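**Student:** Before anything else, here's the structure in question.
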Amino acid sequence: MTLPVQKVLATSTTCYLVEWKGRSCIVDEKRRPKNGDAVLPDLSGIYEWGHTYMHPRRIITDEGQTLEDDLSGDVAVIGVVTHEVTAIHEQDGSPI
């Protein structure tokens, strides 16, 4: 999988650690999205974080853009977010 993201690190045969737009997430490229799942969609070469909704079928990006079923030819879901990785630091900047 080749993505124009800051880092892509395989964590298993189907999952990758992806850092994109300030978020670090484990993305499973083989899992099918369900209602409410966080996903990484490819909008004709533009990547966004978003959430899937099934009735009606759509993806709403973190930027607020709604991708309806009629755009499904232009949108491919790269994978489903299984975990978000967050760094925790003390106030002095040292990791906990």
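Note on naming: chains are A, B, ... as they come in the structure tokens, residues start from 1 per chain, ligands start from 1 in the order shown.
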Per DSSP on the backbone, what are the strand (DSSP E or B) residues of stretch 3-74 of chain A, as a PyMOL selection string?
**Tutor:** chain A and resi 7-10+15-20+23-28+38-43+46-47+50-54+57-61+66-68
**Student:** Find the residues around A:Ala10 up to 12 Å (only C-alpha atoms counted), leave out those fewer than 5 positions away in its own chain, and share them as a PyMOL selection string.
**Tutor:** chain A and resi 1-2+15-18+25-29
**Student:** Report as a list in words all protein, DNA and RNA residues lying within 10 Å of stretch 54-69 of chain A, evaluated on only C-alpha atoms, omitting residues in the same chain fewer than 2 positions from it.
**Tutor:**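 Contacts, with the query itself left out: Pro33, Lys34, Asn35, Gly36, Asp37, Ala38, Val39, Leu40, Pro41, Leu43, Tyr47, Glu48, Trp49, Gly50, His51, Thr52, Leu71, Ser72, Gly73, Asp74, Val75 and Val77 of chain A.
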**Student:** Could you turn the residues from that selection into a file that holds N, CA, C and O atoms, as a PDB file, in the first residue's frame?
**Tutor:**
ATOM      1  N   PRO A  33     -16.255  -1.606   6.241  1.00  0.00           N
ATOM      2  CA  PRO A  33     -16.808  -0.614   7.168  1.00  0.00           C
ATOM      3  C   PRO A  33     -18.251  -0.908   7.542  1.00  0.00           C
ATOM      4  O   PRO A  33     -19.035  -1.386   6.727  1.00  0.00           O
ATOM      5  N   LYS A  34     -18.568  -0.636   8.797  1.00  0.00           N
ATOM      6  CA  LYS A  34     -19.930  -0.739   9.325  1.00  0.00           C
ATOM      7  C   LYS A  34     -20.416   0.665   9.673  1.00  0.00           C
ATOM      8  O   LYS A  34     -19.631   1.619   9.672  1.00  0.00           O
ATOM      9  N   ASN A  35     -21.676   0.773  10.005  1.00  0.00           N
ATOM     10  CA  ASN A  35     -22.258   2.059  10.353  1.00  0.00           C
ATOM     11  C   ASN A  35     -21.495   2.711  11.509  1.00  0.00           C
ATOM     12  O   ASN A  35     -21.316   2.110  12.557  1.00  0.00           O
ATOM     13  N   GLY A  36     -21.018   3.941  11.299  1.00  0.00           N
ATOM     14  CA  GLY A  36     -20.324   4.696  12.334  1.00  0.00           C
ATOM     15  C   GLY A  36     -18.826   4.473  12.405  1.00  0.00           C
ATOM     16  O   GLY A  36     -18.148   5.143  13.185  1.00  0.00           O
ATOM     17  N   ASP A  37     -18.267   3.550  11.622  1.00  0.00           N
ATOM     18  CA  ASP A  37     -16.825   3.289  11.650  1.00  0.00           C
ATOM     19  C   ASP A  37     -16.030   4.482  11.132  1.00  0.00           C
ATOM     20  O   ASP A  37     -16.433   5.148  10.172  1.00  0.00           O
ATOM     21  N   ALA A  38     -14.891   4.743  11.760  1.00  0.00           N
ATOM     22  CA  ALA A  38     -13.941   5.722  11.240  1.00  0.00           C
ATOM     23  C   ALA A  38     -13.172   5.052  10.104  1.00  0.00           C
ATOM     24  O   ALA A  38     -12.786   3.883  10.208  1.00  0.00           O
ATOM     25  N   VAL A  39     -12.959   5.789   9.011  1.00  0.00           N
ATOM     26  CA  VAL A  39     -12.298   5.233   7.833  1.00  0.00           C
ATOM     27  C   VAL A  39     -11.311   6.238   7.251  1.00  0.00           C
ATOM     28  O   VAL A  39     -11.354   7.430   7.577  1.00  0.00           O
ATOM     29  N   LEU A  40     -10.441   5.738   6.375  1.00  0.00           N
ATOM     30  CA  LEU A  40      -9.543   6.587   5.600  1.00  0.00           C
ATOM     31  C   LEU A  40      -9.946   6.448   4.136  1.00  0.00           C
ATOM     32  O   LEU A  40      -9.578   5.483   3.474  1.00  0.00           O
ATOM     33  N   PRO A  41     -10.767   7.387   3.619  1.00  0.00           N
ATOM     34  CA  PRO A  41     -11.158   7.305   2.215  1.00  0.00           C
ATOM     35  C   PRO A  41     -10.176   8.029   1.299  1.00  0.00           C
ATOM     36  O   PRO A  41      -9.523   8.991   1.698  1.00  0.00           O
ATOM     37  N   LEU A  43     -10.254  10.108  -2.022  1.00  0.00           N
ATOM     38  CA  LEU A  43     -11.165  10.860  -2.876  1.00  0.00           C
ATOM     39  C   LEU A  43     -10.413  11.272  -4.132  1.00  0.00           C
ATOM     40  O   LEU A  43      -9.942  12.390  -4.254  1.00  0.00           O
ATOM     41  N   TYR A  47      -6.710  12.289   0.419  1.00  0.00           N
ATOM     42  CA  TYR A  47      -7.026  11.446   1.570  1.00  0.00           C
ATOM     43  C   TYR A  47      -7.606  12.285   2.695  1.00  0.00           C
ATOM     44  O   TYR A  47      -7.161  13.394   2.941  1.00  0.00           O
ATOM     45  N   GLU A  48      -8.619  11.746   3.362  1.00  0.00           N
ATOM     46  CA  GLU A  48      -9.291  12.408   4.487  1.00  0.00           C
ATOM     47  C   GLU A  48      -9.675  11.350   5.513  1.00  0.00           C
ATOM     48  O   GLU A  48      -9.914  10.203   5.150  1.00  0.00           O
ATOM     49  N   TRP A  49      -9.776  11.734   6.765  1.00  0.00           N
ATOM     50  CA  TRP A  49     -10.386  10.865   7.765  1.00  0.00           C
ATOM     51  C   TRP A  49     -11.882  11.104   7.700  1.00  0.00           C
ATOM     52  O   TRP A  49     -12.330  12.220   7.445  1.00  0.00           O
ATOM     53  N   GLY A  50     -12.676  10.069   7.929  1.00  0.00           N
ATOM     54  CA  GLY A  50     -14.118  10.235   7.892  1.00  0.00           C
ATOM     55  C   GLY A  50     -14.826   9.125   8.648  1.00  0.00           C
ATOM     56  O   GLY A  50     -14.189   8.242   9.231  1.00  0.00           O
ATOM     57  N   HIS A  51     -16.155   9.173   8.633  1.00  0.00           N
ATOM     58  CA  HIS A  51     -17.002   8.160   9.269  1.00  0.00           C
ATOM     59  C   HIS A  51     -18.042   7.690   8.260  1.00  0.00           C
ATOM     60  O   HIS A  51     -18.572   8.496   7.494  1.00  0.00           O
ATOM     61  N   THR A  52     -18.329   6.390   8.285  1.00  0.00           N
ATOM     62  CA  THR A  52     -19.314   5.820   7.369  1.00  0.00           C
ATOM     63  C   THR A  52     -20.682   5.747   8.021  1.00  0.00           C
ATOM     64  O   THR A  52     -20.792   5.538   9.229  1.00  0.00           O
ATOM     65  N   LEU A  71     -21.252   9.387  -5.553  1.00  0.00           N
ATOM     66  CA  LEU A  71     -19.821   9.627  -5.760  1.00  0.00           C
ATOM     67  C   LEU A  71     -18.992   8.373  -5.529  1.00  0.00           C
ATOM     68  O   LEU A  71     -17.768   8.440  -5.527  1.00  0.00           O
ATOM     69  N   SER A  72     -19.636   7.227  -5.327  1.00  0.00           N
ATOM     70  CA  SER A  72     -18.909   6.021  -4.932  1.00  0.00           C
ATOM     71  C   SER A  72     -17.850   5.594  -5.947  1.00  0.00           C
ATOM     72  O   SER A  72     -16.882   4.952  -5.585  1.00  0.00           O
ATOM     73  N   GLY A  73     -18.012   5.970  -7.219  1.00  0.00           N
ATOM     74  CA  GLY A  73     -16.994   5.646  -8.217  1.00  0.00           C
ATOM     75  C   GLY A  73     -15.711   6.430  -8.023  1.00  0.00           C
ATOM     76  O   GLY A  73     -14.640   6.010  -8.434  1.00  0.00           O
ATOM     77  N   ASP A  74     -15.811   7.608  -7.391  1.00  0.00           N
ATOM     78  CA  ASP A  74     -14.658   8.475  -7.158  1.00  0.00           C
ATOM     79  C   ASP A  74     -14.039   8.282  -5.782  1.00  0.00           C
ATOM     80  O   ASP A  74     -13.006   8.863  -5.489  1.00  0.00           O
ATOM     81  N   VAL A  75     -14.701   7.492  -4.929  1.00  0.00           N
ATOM     82  CA  VAL A  75     -14.244   7.320  -3.548  1.00  0.00           C
ATOM     83  C   VAL A  75     -13.930   5.853  -3.288  1.00  0.00           C
ATOM     84  O   VAL A  75     -14.736   4.985  -3.578  1.00  0.00           O
ATOM     85  N   VAL A  77     -12.488   3.389  -0.067  1.00  0.00           N
ATOM     86  CA  VAL A  77     -12.112   3.322   1.346  1.00  0.00           C
ATOM     87  C   VAL A  77     -10.810   2.534   1.432  1.00  0.00           C
ATOM     88  O   VAL A  77     -10.767   1.359   1.082  1.00  0.00           O
TER      89      VAL A  77
END
**Student:** What's the separation between atom CA of A:Tyr53 and atom CA of A:Ile78, in Å to one decimal place?
**Tutor:**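 Taking atom CA of A:Tyr53 as the start and atom CA of A:Ile78 as the end point, the length is 16.0 Å.
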